[in-house]
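Peer 1: Structure: data.cif, mmCIF, C-alpha atoms and all ligand atoms.
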data_data
#
loop_
_atom_site.group_PDB
_atom_site.id
_atom_site.type_symbol
_atom_site.label_atom_id
_atom_site.label_comp_id
_atom_site.auth_asym_id
_atom_site.auth_seq_id
_atom_site.Cartn_x
_atom_site.Cartn_y
_atom_site.Cartn_z
ATOM 1 C CA MET A 1483 -141.487 41.657 -16.104
ATOM 2 C CA ASN A 1484 -138.151 42.188 -17.718
ATOM 3 C CA GLY A 1485 -139.356 41.575 -21.257
ATOM 4 C CA GLY A 1486 -135.782 41.367 -22.477
ATOM 5 C CA SER A 1487 -134.860 39.059 -25.277
ATOM 6 C CA ASP A 1488 -132.763 35.963 -24.954
ATOM 7 C CA GLU A 1489 -131.506 34.674 -28.268
ATOM 8 C CA THR A 1490 -129.982 31.564 -26.750
ATOM 9 C CA ASP A 1491 -132.741 29.810 -24.885
ATOM 10 C CA GLY A 1492 -135.824 31.050 -26.780
ATOM 11 C CA VAL A 1493 -137.731 31.234 -23.506
ATOM 12 C CA ILE A 1494 -140.911 33.271 -23.441
ATOM 13 C CA HIS A 1495 -140.340 36.148 -21.104
ATOM 14 C CA GLN A 1496 -142.786 36.731 -18.387
ATOM 15 C CA ALA A 1497 -143.840 40.334 -18.773
ATOM 16 C CA ASN A 1498 -146.034 40.325 -15.697
ATOM 17 C CA PRO A 1499 -144.465 40.064 -12.214
ATOM 18 C CA HIS A 1500 -147.855 39.062 -10.810
ATOM 19 C CA LEU A 1501 -147.664 35.714 -12.605
ATOM 20 C CA THR A 1502 -145.360 32.753 -12.068
ATOM 21 C CA LEU A 1503 -145.055 29.395 -13.798
ATOM 22 C CA ASN A 1504 -147.027 27.957 -10.886
ATOM 23 C CA SER A 1505 -149.861 30.488 -10.923
ATOM 24 C CA ASP A 1506 -153.430 29.251 -10.803
ATOM 25 C CA ASP A 1507 -154.706 30.997 -13.874
ATOM 26 C CA THR A 1508 -157.721 30.902 -16.138
ATOM 27 C CA LEU A 1509 -157.415 31.800 -19.793
ATOM 28 C CA PHE A 1510 -160.933 33.118 -19.810
ATOM 29 C CA HIS A 1511 -161.576 33.663 -23.533
ATOM 30 C CA LEU A 1512 -159.831 30.453 -24.588
ATOM 31 C CA GLY A 1513 -161.688 28.499 -21.932
ATOM 32 C CA LEU A 1514 -158.492 26.841 -20.658
ATOM 33 C CA SER A 1515 -156.807 26.872 -17.273
ATOM 34 C CA THR A 1516 -153.509 25.963 -15.640
ATOM 35 C CA ASP A 1517 -155.065 22.953 -13.903
ATOM 36 C CA GLN A 1518 -155.247 21.191 -17.301
ATOM 37 C CA ASN A 1519 -151.566 20.233 -17.693
ATOM 38 C CA LEU A 1520 -150.867 22.778 -20.397
ATOM 39 C CA GLU A 1521 -147.263 21.621 -20.711
ATOM 40 C CA GLU A 1522 -148.306 18.114 -21.705
ATOM 41 C CA LYS A 1523 -150.880 19.395 -24.206
ATOM 42 C CA PHE A 1524 -149.023 22.366 -25.682
ATOM 43 C CA GLY A 1525 -145.344 22.022 -24.686
ATOM 44 C CA ASP A 1526 -144.222 21.071 -28.224
ATOM 45 C CA VAL A 1527 -145.740 24.141 -29.945
ATOM 46 C CA LYS A 1528 -143.244 26.006 -32.156
ATOM 47 C CA PHE A 1529 -145.496 27.991 -34.504
ATOM 48 C CA VAL A 1530 -148.674 29.907 -33.821
ATOM 49 C CA CYS A 1531 -150.518 30.890 -36.990
ATOM 50 C CA MET A 1532 -153.373 33.331 -36.630
ATOM 51 C CA GLY A 1533 -155.997 34.604 -39.032
ATOM 52 C CA GLY A 1534 -159.241 36.514 -38.643
ATOM 53 C CA SER A 1535 -161.903 34.008 -39.576
ATOM 54 C CA THR A 1536 -162.846 30.815 -37.741
ATOM 55 C CA SER A 1537 -163.608 28.811 -40.895
ATOM 56 C CA ARG A 1538 -160.351 29.890 -42.559
ATOM 57 C CA MET A 1539 -158.311 28.785 -39.559
ATOM 58 C CA HIS A 1540 -160.179 25.480 -39.343
ATOM 59 C CA GLY A 1541 -159.457 25.003 -43.050
ATOM 60 C CA TYR A 1542 -155.835 25.884 -42.409
ATOM 61 C CA ALA A 1543 -155.600 23.197 -39.727
ATOM 62 C CA GLU A 1544 -156.933 20.619 -42.224
ATOM 63 C CA TYR A 1545 -154.484 21.823 -44.862
ATOM 64 C CA LEU A 1546 -151.586 21.651 -42.378
ATOM 65 C CA ALA A 1547 -152.497 18.126 -41.291
ATOM 66 C CA LYS A 1548 -152.320 17.045 -44.931
ATOM 67 C CA GLU A 1549 -149.130 18.938 -45.743
ATOM 68 C CA LEU A 1550 -147.292 17.881 -42.581
ATOM 69 C CA GLN A 1551 -148.701 14.346 -42.947
ATOM 70 C CA ILE A 1552 -150.001 14.272 -39.420
ATOM 71 C CA GLN A 1553 -152.485 11.397 -39.456
ATOM 72 C CA ASP A 1554 -153.697 11.692 -35.872
ATOM 73 C CA ALA A 1555 -154.510 15.433 -35.898
ATOM 74 C CA THR A 1556 -157.858 15.680 -34.105
ATOM 75 C CA LEU A 1557 -158.920 18.930 -35.740
ATOM 76 C CA GLU A 1558 -161.306 19.700 -32.952
ATOM 77 C CA ASP A 1559 -161.584 23.190 -31.531
ATOM 78 C CA LEU A 1560 -159.484 23.360 -28.356
ATOM 79 C CA CYS A 1561 -161.197 26.527 -27.116
ATOM 80 C CA THR A 1562 -164.150 25.821 -24.919
ATOM 81 C CA THR A 1563 -165.718 29.224 -25.558
ATOM 82 C CA ASP A 1564 -167.045 30.563 -28.856
ATOM 83 C CA ARG A 1565 -164.862 33.701 -28.864
ATOM 84 C CA TYR A 1566 -161.976 32.180 -30.803
ATOM 85 C CA GLU A 1567 -161.163 28.796 -32.337
ATOM 86 C CA MET A 1568 -157.862 26.974 -31.856
ATOM 87 C CA TYR A 1569 -156.561 23.832 -33.550
ATOM 88 C CA LYS A 1570 -153.321 21.989 -32.906
ATOM 89 C CA VAL A 1571 -151.582 20.163 -35.735
ATOM 90 C CA GLY A 1572 -148.277 18.756 -34.480
ATOM 91 C CA PRO A 1573 -146.126 21.734 -33.449
ATOM 92 C CA VAL A 1574 -148.482 24.294 -35.019
ATOM 93 C CA LEU A 1575 -151.450 26.094 -33.511
ATOM 94 C CA SER A 1576 -153.997 27.520 -35.951
ATOM 95 C CA ILE A 1577 -156.069 30.168 -34.171
ATOM 96 C CA SER A 1578 -158.776 32.623 -35.267
ATOM 97 C CA HIS A 1579 -158.398 36.150 -33.911
ATOM 98 C CA GLY A 1580 -161.475 38.078 -35.046
ATOM 99 C CA VAL A 1581 -161.301 41.617 -36.465
ATOM 100 C CA GLY A 1582 -159.055 44.329 -35.104
ATOM 101 C CA MET A 1583 -156.551 45.028 -32.360
ATOM 102 C CA PRO A 1584 -158.868 44.832 -29.333
ATOM 103 C CA SER A 1585 -159.841 41.304 -30.384
ATOM 104 C CA ILE A 1586 -156.320 40.065 -31.142
ATOM 105 C CA SER A 1587 -154.900 41.766 -28.046
ATOM 106 C CA VAL A 1588 -157.158 39.784 -25.716
ATOM 107 C CA LEU A 1589 -156.297 36.615 -27.597
ATOM 108 C CA LEU A 1590 -152.551 37.287 -27.552
ATOM 109 C CA HIS A 1591 -152.502 37.925 -23.786
ATOM 110 C CA GLU A 1592 -154.005 34.487 -23.299
ATOM 111 C CA VAL A 1593 -152.007 32.677 -26.003
ATOM 112 C CA ILE A 1594 -148.728 34.113 -24.681
ATOM 113 C CA LYS A 1595 -149.652 32.993 -21.163
ATOM 114 C CA LEU A 1596 -150.560 29.577 -22.553
ATOM 115 C CA LEU A 1597 -147.145 29.281 -24.240
ATOM 116 C CA PHE A 1598 -145.460 30.498 -21.056
ATOM 117 C CA TYR A 1599 -147.253 28.027 -18.771
ATOM 118 C CA ALA A 1600 -146.607 25.236 -21.289
ATOM 119 C CA ARG A 1601 -142.871 26.159 -21.139
ATOM 120 C CA CYS A 1602 -142.708 26.453 -24.920
ATOM 121 C CA ARG A 1603 -139.429 27.684 -26.394
ATOM 122 C CA HIS A 1604 -138.359 29.177 -29.712
ATOM 123 C CA VAL A 1605 -141.950 29.895 -30.733
ATOM 124 C CA LYS A 1606 -142.815 32.048 -33.743
ATOM 125 C CA ILE A 1607 -146.126 33.815 -34.169
ATOM 126 C CA ILE A 1608 -147.272 34.472 -37.717
ATOM 127 C CA ARG A 1609 -150.419 36.292 -38.795
ATOM 128 C CA ILE A 1610 -151.713 34.936 -42.109
ATOM 129 C CA GLY A 1611 -154.464 37.205 -43.299
ATOM 130 C CA THR A 1612 -155.983 39.555 -45.800
ATOM 131 C CA CYS A 1613 -155.417 43.245 -46.407
ATOM 132 C CA GLY A 1614 -155.857 46.127 -48.806
ATOM 133 C CA GLY A 1615 -152.880 46.709 -51.097
ATOM 134 C CA LEU A 1616 -151.358 50.015 -52.176
ATOM 135 C CA GLY A 1617 -150.218 50.071 -55.811
ATOM 136 C CA LEU A 1618 -150.018 46.265 -55.996
ATOM 137 C CA VAL A 1619 -151.827 43.826 -58.272
ATOM 138 C CA PRO A 1620 -154.626 42.317 -56.144
ATOM 139 C CA GLY A 1621 -153.685 38.808 -55.033
ATOM 140 C CA THR A 1622 -150.106 39.899 -54.256
ATOM 141 C CA VAL A 1623 -148.797 38.688 -50.890
ATOM 142 C CA VAL A 1624 -147.089 41.215 -48.619
ATOM 143 C CA VAL A 1625 -144.640 40.008 -45.984
ATOM 144 C CA SER A 1626 -144.374 43.032 -43.702
ATOM 145 C CA GLU A 1627 -140.976 44.639 -43.268
ATOM 146 C CA MET A 1628 -142.238 47.057 -40.683
ATOM 147 C CA VAL A 1629 -145.545 48.005 -39.102
ATOM 148 C CA VAL A 1630 -146.729 51.601 -38.787
ATOM 149 C CA ASN A 1631 -149.872 53.238 -37.418
ATOM 150 C CA GLU A 1632 -152.241 55.616 -39.231
ATOM 151 C CA ALA A 1633 -149.705 58.453 -38.745
ATOM 152 C CA PHE A 1634 -146.919 56.262 -40.268
ATOM 153 C CA GLU A 1635 -145.186 55.840 -36.882
ATOM 154 C CA PRO A 1636 -143.747 52.410 -35.975
ATOM 155 C CA VAL A 1637 -145.760 52.152 -32.759
ATOM 156 C CA TYR A 1638 -148.695 50.364 -31.174
ATOM 157 C CA GLN A 1639 -150.668 52.734 -28.990
ATOM 158 C CA VAL A 1640 -152.358 51.385 -25.848
ATOM 159 C CA PHE A 1641 -154.125 52.966 -22.895
ATOM 160 C CA VAL A 1642 -152.662 51.776 -19.568
ATOM 161 C CA LEU A 1643 -154.002 53.266 -16.329
ATOM 162 C CA GLY A 1644 -155.694 55.968 -18.354
ATOM 163 C CA LYS A 1645 -152.525 57.080 -20.109
ATOM 164 C CA THR A 1646 -151.420 56.269 -23.647
ATOM 165 C CA GLU A 1647 -148.264 54.298 -24.160
ATOM 166 C CA LYS A 1648 -146.577 53.961 -27.518
ATOM 167 C CA ARG A 1649 -144.806 50.637 -27.876
ATOM 168 C CA PRO A 1650 -142.419 49.637 -30.693
ATOM 169 C CA THR A 1651 -143.659 47.373 -33.471
ATOM 170 C CA HIS A 1652 -140.479 45.587 -34.429
ATOM 171 C CA LEU A 1653 -140.759 42.493 -36.640
ATOM 172 C CA ASP A 1654 -138.070 39.854 -37.086
ATOM 173 C CA LYS A 1655 -136.379 40.663 -40.404
ATOM 174 C CA ALA A 1656 -134.779 37.248 -40.887
ATOM 175 C CA LEU A 1657 -138.086 35.469 -40.290
ATOM 176 C CA GLY A 1658 -139.860 37.690 -42.847
ATOM 177 C CA ASP A 1659 -137.086 37.151 -45.392
ATOM 178 C CA GLU A 1660 -137.187 33.380 -44.900
ATOM 179 C CA ILE A 1661 -140.962 33.271 -45.368
ATOM 180 C CA ALA A 1662 -140.832 35.490 -48.471
ATOM 181 C CA ALA A 1663 -138.126 33.234 -49.937
ATOM 182 C CA CYS A 1664 -140.537 30.269 -49.785
ATOM 183 C CA ARG A 1665 -142.499 31.533 -52.793
ATOM 184 C CA PRO A 1666 -142.272 28.868 -55.493
ATOM 185 C CA SER A 1667 -140.945 30.204 -58.814
ATOM 186 C CA ASP A 1668 -144.190 29.122 -60.537
ATOM 187 C CA ALA A 1669 -146.461 30.584 -57.834
ATOM 188 C CA GLY A 1670 -148.363 32.793 -60.257
ATOM 189 C CA TYR A 1671 -148.343 35.737 -57.848
ATOM 190 C CA GLU A 1672 -145.809 38.132 -56.397
ATOM 191 C CA VAL A 1673 -144.534 38.247 -52.837
ATOM 192 C CA VAL A 1674 -143.300 41.686 -51.786
ATOM 193 C CA ARG A 1675 -141.700 43.106 -48.660
ATOM 194 C CA GLY A 1676 -142.950 46.518 -47.530
ATOM 195 C CA LYS A 1677 -144.403 48.553 -44.711
ATOM 196 C CA THR A 1678 -147.812 47.581 -43.378
ATOM 197 C CA MET A 1679 -150.138 50.234 -42.022
ATOM 198 C CA CYS A 1680 -152.249 48.931 -39.156
ATOM 199 C CA THR A 1681 -155.479 50.818 -38.485
ATOM 200 C CA SER A 1682 -158.160 50.744 -35.820
ATOM 201 C CA ASP A 1683 -161.003 50.771 -38.316
ATOM 202 C CA PHE A 1684 -161.826 49.419 -41.776
ATOM 203 C CA TYR A 1685 -163.804 52.447 -43.041
ATOM 204 C CA GLU A 1686 -162.765 55.938 -41.872
ATOM 205 C CA GLY A 1687 -159.561 54.440 -40.419
ATOM 206 C CA GLN A 1688 -158.570 53.269 -43.911
ATOM 207 C CA SER A 1689 -159.936 56.422 -45.601
ATOM 208 C CA ARG A 1690 -162.780 54.654 -47.378
ATOM 209 C CA LEU A 1691 -165.618 56.675 -48.851
ATOM 210 C CA ASP A 1692 -168.226 53.942 -48.335
ATOM 211 C CA GLY A 1693 -168.617 53.778 -44.538
ATOM 212 C CA ALA A 1694 -171.684 55.033 -42.676
ATOM 213 C CA ILE A 1695 -169.825 58.233 -41.775
ATOM 214 C CA CYS A 1696 -167.411 60.180 -43.976
ATOM 215 C CA ASP A 1697 -166.442 63.852 -43.618
ATOM 216 C CA TYR A 1698 -163.676 63.989 -46.237
ATOM 217 C CA THR A 1699 -163.541 64.226 -50.009
ATOM 218 C CA GLU A 1700 -162.205 61.784 -52.568
ATOM 219 C CA THR A 1701 -159.272 64.166 -53.075
ATOM 220 C CA ASP A 1702 -158.476 64.027 -49.315
ATOM 221 C CA LYS A 1703 -158.643 60.244 -49.427
ATOM 222 C CA MET A 1704 -156.340 59.911 -52.428
ATOM 223 C CA SER A 1705 -153.859 62.377 -51.020
ATOM 224 C CA TYR A 1706 -153.668 60.404 -47.725
ATOM 225 C CA LEU A 1707 -153.290 57.035 -49.451
ATOM 226 C CA GLN A 1708 -150.660 58.472 -51.783
ATOM 227 C CA SER A 1709 -148.692 59.813 -48.810
ATOM 228 C CA ALA A 1710 -148.918 56.352 -47.201
ATOM 229 C CA TYR A 1711 -147.522 54.896 -50.429
ATOM 230 C CA ASP A 1712 -144.785 57.538 -50.524
ATOM 231 C CA ASN A 1713 -143.868 56.545 -46.954
ATOM 232 C CA GLY A 1714 -143.284 52.969 -48.120
ATOM 233 C CA VAL A 1715 -146.649 51.517 -47.067
ATOM 234 C CA ARG A 1716 -147.670 48.659 -49.364
ATOM 235 C CA ASN A 1717 -150.637 47.242 -47.483
ATOM 236 C CA ILE A 1718 -153.238 48.090 -44.854
ATOM 237 C CA GLU A 1719 -154.793 45.808 -42.266
ATOM 238 C CA MET A 1720 -155.988 45.872 -38.664
ATOM 239 C CA GLU A 1721 -153.953 43.654 -36.317
ATOM 240 C CA SER A 1722 -150.233 43.737 -37.171
ATOM 241 C CA ALA A 1723 -149.159 46.502 -34.753
ATOM 242 C CA CYS A 1724 -150.567 44.620 -31.788
ATOM 243 C CA VAL A 1725 -148.964 41.327 -32.880
ATOM 244 C CA ALA A 1726 -145.565 42.923 -33.468
ATOM 245 C CA SER A 1727 -145.561 44.900 -30.253
ATOM 246 C CA MET A 1728 -146.799 42.174 -27.919
ATOM 247 C CA CYS A 1729 -144.473 39.536 -29.378
ATOM 248 C CA ASN A 1730 -141.534 41.897 -29.107
ATOM 249 C CA ARG A 1731 -142.173 42.425 -25.461
ATOM 250 C CA VAL A 1732 -142.091 38.724 -24.581
ATOM 251 C CA ASN A 1733 -139.218 37.572 -26.813
ATOM 252 C CA ILE A 1734 -141.293 35.877 -29.504
ATOM 253 C CA LYS A 1735 -140.348 36.386 -33.139
ATOM 254 C CA SER A 1736 -143.279 37.445 -35.291
ATOM 255 C CA ALA A 1737 -144.187 37.937 -38.922
ATOM 256 C CA ILE A 1738 -147.188 39.288 -40.823
ATOM 257 C CA VAL A 1739 -148.102 37.660 -44.140
ATOM 258 C CA CYS A 1740 -151.192 39.027 -45.870
ATOM 259 C CA VAL A 1741 -152.721 38.748 -49.317
ATOM 260 C CA THR A 1742 -154.042 41.955 -50.893
ATOM 261 C CA LEU A 1743 -157.724 41.736 -51.837
ATOM 262 C CA LEU A 1744 -157.797 44.998 -53.794
ATOM 263 C CA ASN A 1745 -155.689 47.990 -54.746
ATOM 264 C CA ARG A 1746 -156.740 50.854 -52.472
ATOM 265 C CA LEU A 1747 -155.343 53.394 -54.948
ATOM 266 C CA LYS A 1748 -158.209 52.231 -57.199
ATOM 267 C CA ASP A 1749 -161.053 50.791 -55.104
ATOM 268 C CA ASP A 1750 -162.758 50.809 -51.717
ATOM 269 C CA LEU A 1751 -165.035 47.837 -52.246
ATOM 270 C CA VAL A 1752 -163.739 44.277 -52.411
ATOM 271 C CA SER A 1753 -165.490 43.073 -55.569
ATOM 272 C CA THR A 1754 -163.311 40.093 -56.457
ATOM 273 C CA PRO A 1755 -165.372 36.962 -57.261
ATOM 274 C CA HIS A 1756 -165.738 34.586 -54.312
ATOM 275 C CA ASP A 1757 -163.796 31.737 -55.937
ATOM 276 C CA ASP A 1758 -160.809 33.973 -56.637
ATOM 277 C CA LEU A 1759 -160.882 35.295 -53.074
ATOM 278 C CA LYS A 1760 -160.822 31.746 -51.723
ATOM 279 C CA LYS A 1761 -157.799 30.961 -53.916
ATOM 280 C CA TRP A 1762 -156.012 34.135 -52.879
ATOM 281 C CA GLU A 1763 -156.671 33.483 -49.176
ATOM 282 C CA MET A 1764 -154.711 30.247 -49.548
ATOM 283 C CA ARG A 1765 -151.545 32.055 -50.636
ATOM 284 C CA PRO A 1766 -150.310 33.187 -47.184
ATOM 285 C CA GLN A 1767 -151.206 29.712 -45.886
ATOM 286 C CA GLN A 1768 -149.176 27.995 -48.622
ATOM 287 C CA LEU A 1769 -146.201 30.279 -48.163
ATOM 288 C CA VAL A 1770 -146.126 29.916 -44.383
ATOM 289 C CA THR A 1771 -146.638 26.157 -44.580
ATOM 290 C CA SER A 1772 -143.625 25.845 -46.905
ATOM 291 C CA TYR A 1773 -141.649 27.826 -44.370
ATOM 292 C CA ILE A 1774 -142.849 25.645 -41.467
ATOM 293 C CA LYS A 1775 -142.002 22.478 -43.429
ATOM 294 C CA SER A 1776 -138.501 23.771 -44.116
ATOM 295 C CA GLN A 1777 -138.036 24.438 -40.415
ATOM 296 C CA ILE A 1778 -139.402 21.089 -39.287
ATOM 297 C CA ASN A 1779 -137.255 19.269 -41.829
ATOM 298 C CA SER A 1780 -134.134 21.062 -40.676
ATOM 299 C CA ILE A 1781 -134.609 20.137 -36.982
HETATM 300 C C1 LIG A 1801 -158.042 42.384 -42.641
HETATM 301 O O1 LIG A 1801 -159.297 42.074 -42.964
HETATM 302 C C2 LIG A 1801 -160.142 42.304 -41.843
HETATM 303 C C3 LIG A 1801 -161.143 43.385 -42.156
HETATM 304 O O2 LIG A 1801 -161.948 43.028 -43.242
HETATM 305 C C4 LIG A 1801 -159.225 42.640 -40.718
HETATM 306 O O3 LIG A 1801 -159.206 41.632 -39.737
HETATM 307 C C5 LIG A 1801 -157.942 42.724 -41.360
HETATM 308 O O4 LIG A 1801 -156.831 43.007 -40.694
HETATM 309 N N1 LIG A 1802 -158.630 44.076 -44.793
HETATM 310 C C1 LIG A 1802 -158.428 45.368 -44.470
HETATM 311 O O1 LIG A 1802 -158.182 45.694 -43.299
HETATM 312 N N2 LIG A 1802 -158.521 46.292 -45.446
HETATM 313 C C2 LIG A 1802 -158.808 45.974 -46.703
HETATM 314 O O2 LIG A 1802 -158.906 46.863 -47.559
HETATM 315 C C3 LIG A 1802 -159.026 44.620 -47.037
HETATM 316 C C4 LIG A 1802 -158.933 43.684 -46.050
#
Turn this file's structure into C-alpha cells for me.
Ligand code: R2B
Ligand code: URA

Peer 2:
Amino acid sequence: MNGGSDETDGVIHQANPHLTLNSDDTLFHLGLSTDQNLEEKFGDVKFVCMGGSTSRMHGYAEYLAKELQIQDATLEDLCTTDRYEMYKVGPVLSISHGVGMPSISVLLHEVIKLLFYARCRHVKIIRIGTCGGLGLVPGTVVVSEMVVNEAFEPVYQVFVLGKTEKRPTHLDKALGDEIAACRPSDAGYEVVRGKTMCTSDFYEGQSRLDGAICDYTETDKMSYLQSAYDNGVRNIEMESACVASMCNRVNIKSAIVCVTLLNRLKDDLVSTPHDDLKKWEMRPQQLVTSYIKSQINSI
C-alpha cells in the first residue's frame, strides 16, 4: 500500500496490496462483510467517533440524533458480534472500542476497511474519551496536540513479523484547533491543547501505586509524572497512539478529545462522584458534536 496522503480527493488509502475494492472480505469482529453492500449502507459516513464504553457510545448516538435532528436514526447496534457496538446517525458513526491499543487496533483495521469498501471520502476519526490529567483541574478537556509513548517519543510501537516497528503518531493540527475552538464561552470548564501520553497499561504503565504489582516508590512515581509534565504531557490515556498512527497511514485526519477524571499529580484513584463523572463524560461529546454541526452546516 502506498499510504500516501491526498489532500484533494480525501480518498482512504489502501495500505494493504492484498486487498482491492472488489475483495471478498469479512470484518470478523464487526460481524459485517463485503457482500452486504457496504457502500449503500455506509458510503455517506464523514465522522467516526469512538469511545471506550458501549453504553457511552450508545448514549452518544442518542444525543447525536437529537442534536443533528435526525428523526429516522435507528439506534440499533450495527455490529453483529458482541465485541464492539456501532451506531450510525446520519454521517456519523458512534463506535465503542474497549480498553487499550490491542482492542482499538483490531477495531480500526476493520473500520478502516469498512470505510474503504464503502468508498467513503474526507472522513475524520475522533476519539472522545476519558483520561488522567497532569496538573489540570479534573473535568478539564484535553484536545491532544501530539501523542507520545511512555518514553515521551511520538511513536506507536507494533510487532510485525516478530520485529518492532515504530510508527509516527501525527495528529491533524487544524482539526484539533477547530474542535477546541467549539468550546462555548459559558462552558464551565477549560479546554486545553497539550501532549497526550498513551500507555499500554492503566496501573504500572501509568505509574500508579494501587495496582496488583508495584516495584517502585511514591518518589519514583512522582518524579516520572513530573518529567512527563515537564515534557509537555497534559493527559494520559490508552488508545491515542494507535488511532493517530493508523489514521496517518491511510490518509484519515484524526483527533483525540478526552476529559480528565483526576489530577495524576495528586491522585491515583478516580473518586469523583458518579453524577459528576457522567456530566464530565458528556464534555468531549458536546464539544465534538458542536464541531460536527459546524461542518455539516457549512457543506
Ligand atoms: C481511558 O480510560 C480507560 C481506562 O480506564 C482507557 O480506555 C482510556 O484510554
Ligand atoms: N483513563 C486512563 O487511562 N487513565 C486515567 O487515569 C483515567 C482514565

Peer 1: Which one is closest to Ser1722 (chain A): A:Gly1644, A:Gly1611, A:Gly1670, A:Gly1492? Count all atoms listed in the file.

Peer 2: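 Ranking A:Gly1644, A:Gly1611, A:Gly1670, A:Gly1492 by distance to Ser1722 (chain A), first place goes to A:Gly1611.
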
Peer 1: Mind running chain A against ligand LIG 1802 (chain A) at 10 Å and telling me each contacting residue's nearest atom pair with the distance in Å (one decimal), counting all atoms listed in the file, chain and number ascending, as a tab-separated table?

Peer 2:
residue	atom	partner	partner_atom	distance
A:Gly1534	CA	A:LIG1802	N1	9.8
A:Val1581	CA	A:LIG1802	O1	8.5
A:Gly1582	CA	A:LIG1802	O1	8.4
A:Gly1611	CA	A:LIG1802	N1	8.2
A:Thr1612	CA	A:LIG1802	C4	5.1
A:Cys1613	CA	A:LIG1802	C4	3.6
A:Gly1614	CA	A:LIG1802	O2	3.4
A:Gly1615	CA	A:LIG1802	O2	7.0
A:Leu1616	CA	A:LIG1802	O2	9.4
A:Met1679	CA	A:LIG1802	O1	9.3
A:Cys1680	CA	A:LIG1802	O1	7.9
A:Thr1681	CA	A:LIG1802	O1	7.5
A:Ser1682	CA	A:LIG1802	O1	9.0
A:Asp1683	CA	A:LIG1802	O1	7.7
A:Phe1684	CA	A:LIG1802	O1	5.4
A:Tyr1685	CA	A:LIG1802	N2	8.5
A:Gly1687	CA	A:LIG1802	O1	9.3
A:Gln1688	CA	A:LIG1802	N2	7.1
A:Ser1689	CA	A:LIG1802	O2	9.8
A:Arg1690	CA	A:LIG1802	O2	8.7
A:Asn1717	CA	A:LIG1802	N2	8.2
A:Ile1718	CA	A:LIG1802	N2	5.6
A:Glu1719	CA	A:LIG1802	O1	3.5
A:Met1720	CA	A:LIG1802	O1	5.1
A:Glu1721	CA	A:LIG1802	O1	8.4
A:Cys1740	CA	A:LIG1802	C4	9.0
A:Val1741	CA	A:LIG1802	C4	8.6
A:Thr1742	CA	A:LIG1802	C3	6.8
A:Leu1743	CA	A:LIG1802	C3	5.7
A:Leu1744	CA	A:LIG1802	O2	6.6
A:Asn1745	CA	A:LIG1802	O2	8.0
A:Arg1746	CA	A:LIG1802	O2	6.7
A:Asp1749	CA	A:LIG1802	O2	8.8
A:Asp1750	CA	A:LIG1802	O2	6.9
A:Leu1751	CA	A:LIG1802	O2	7.8
A:Val1752	CA	A:LIG1802	C3	7.2

Peer 1: Give me the residues near Ala1726 (chain A) as an NGL selection string, where near means some atom within 8 Å (using all atoms listed in the file) and where sequence neighbours in that chain fewer than 5 positions away do not count.

Peer 2: :A and (1629 or 1650-1653 or 1736-1737)

Peer 1: For the structure shown, which residues end up in the PyMOL selection byres (((chain A and resi 1521) around 7) and not hetatm)? Put them as a PyMOL selection string, please?

Peer 2: chain A and resi 1519-1520+1522-1525+1599-1601

Peer 1: I need the residue nearest ligand LIG 1801 (chain A) from this list: A:Lys1677, A:Lys1760, A:Lys1655, A:His1579. Use only C-alpha atoms and all ligand atoms for the distance.

Peer 2: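 Once distances to ligand LIG 1801 (chain A) are computed over only C-alpha atoms and all ligand atoms, the minimum belongs to A:His1579.
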
Peer 1: Residues within 6 Å of Tyr1638 (chain A), please, as an mmCIF file with C-alpha atoms, in the frame of the given file. Count only C-alpha atoms; anything in the same chain fewer than 3 positions from it doesn't count.

Peer 2:
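Contents of out_7.cif, as written:
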data_model
loop_
_atom_site.group_PDB
_atom_site.id
_atom_site.type_symbol
_atom_site.label_atom_id
_atom_site.label_comp_id
_atom_site.auth_asym_id
_atom_site.auth_seq_id
_atom_site.Cartn_x
_atom_site.Cartn_y
_atom_site.Cartn_z
ATOM 1 C CA LYS A 1648 -146.577 53.961 -27.518
ATOM 2 C CA ARG A 1649 -144.806 50.637 -27.876
ATOM 3 C CA ALA A 1723 -149.159 46.502 -34.753
#

Peer 1: I need the residue nearest ligand LIG 1801 (chain A) from this list: A:Met1568, A:Val1739, A:Leu1596, A:Ala1662. Use only C-alpha atoms and all ligand atoms for the distance.

Peer 2: A:Val1739

Peer 1: Working from the structure I just supplied, which lacks atoms in region 1568-1574 of chain A, can you model N, CA, C and O atoms there and output them as a compact mmCIF listing (two decimals), keeping the file's coordinate frame?

Peer 2:
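The resulting file, part-v4.txt, is shown below:
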# COMPACT_ATOMS: atom_id res chain seq x y z
N MET A 1568 -159.29 27.34 -31.86
CA MET A 1568 -157.86 26.97 -31.86
C MET A 1568 -157.72 25.49 -32.18
O MET A 1568 -158.39 24.64 -31.59
N TYR A 1569 -156.83 25.21 -33.13
CA TYR A 1569 -156.56 23.83 -33.55
C TYR A 1569 -155.08 23.58 -33.38
O TYR A 1569 -154.26 24.48 -33.56
N LYS A 1570 -154.74 22.33 -33.05
CA LYS A 1570 -153.32 21.99 -32.91
C LYS A 1570 -152.99 20.87 -33.89
O LYS A 1570 -153.61 19.80 -33.86
N VAL A 1571 -152.03 21.17 -34.76
CA VAL A 1571 -151.58 20.16 -35.74
C VAL A 1571 -150.08 19.99 -35.51
O VAL A 1571 -149.28 20.84 -35.93
N GLY A 1572 -149.70 18.93 -34.82
CA GLY A 1572 -148.28 18.76 -34.48
C GLY A 1572 -147.78 19.97 -33.71
O GLY A 1572 -148.42 20.40 -32.74
N PRO A 1573 -146.69 20.60 -34.18
CA PRO A 1573 -146.13 21.73 -33.45
C PRO A 1573 -146.75 23.08 -33.82
O PRO A 1573 -146.22 24.13 -33.48
N VAL A 1574 -147.88 23.04 -34.55
CA VAL A 1574 -148.48 24.29 -35.02
C VAL A 1574 -149.87 24.50 -34.40
O VAL A 1574 -150.70 23.60 -34.41
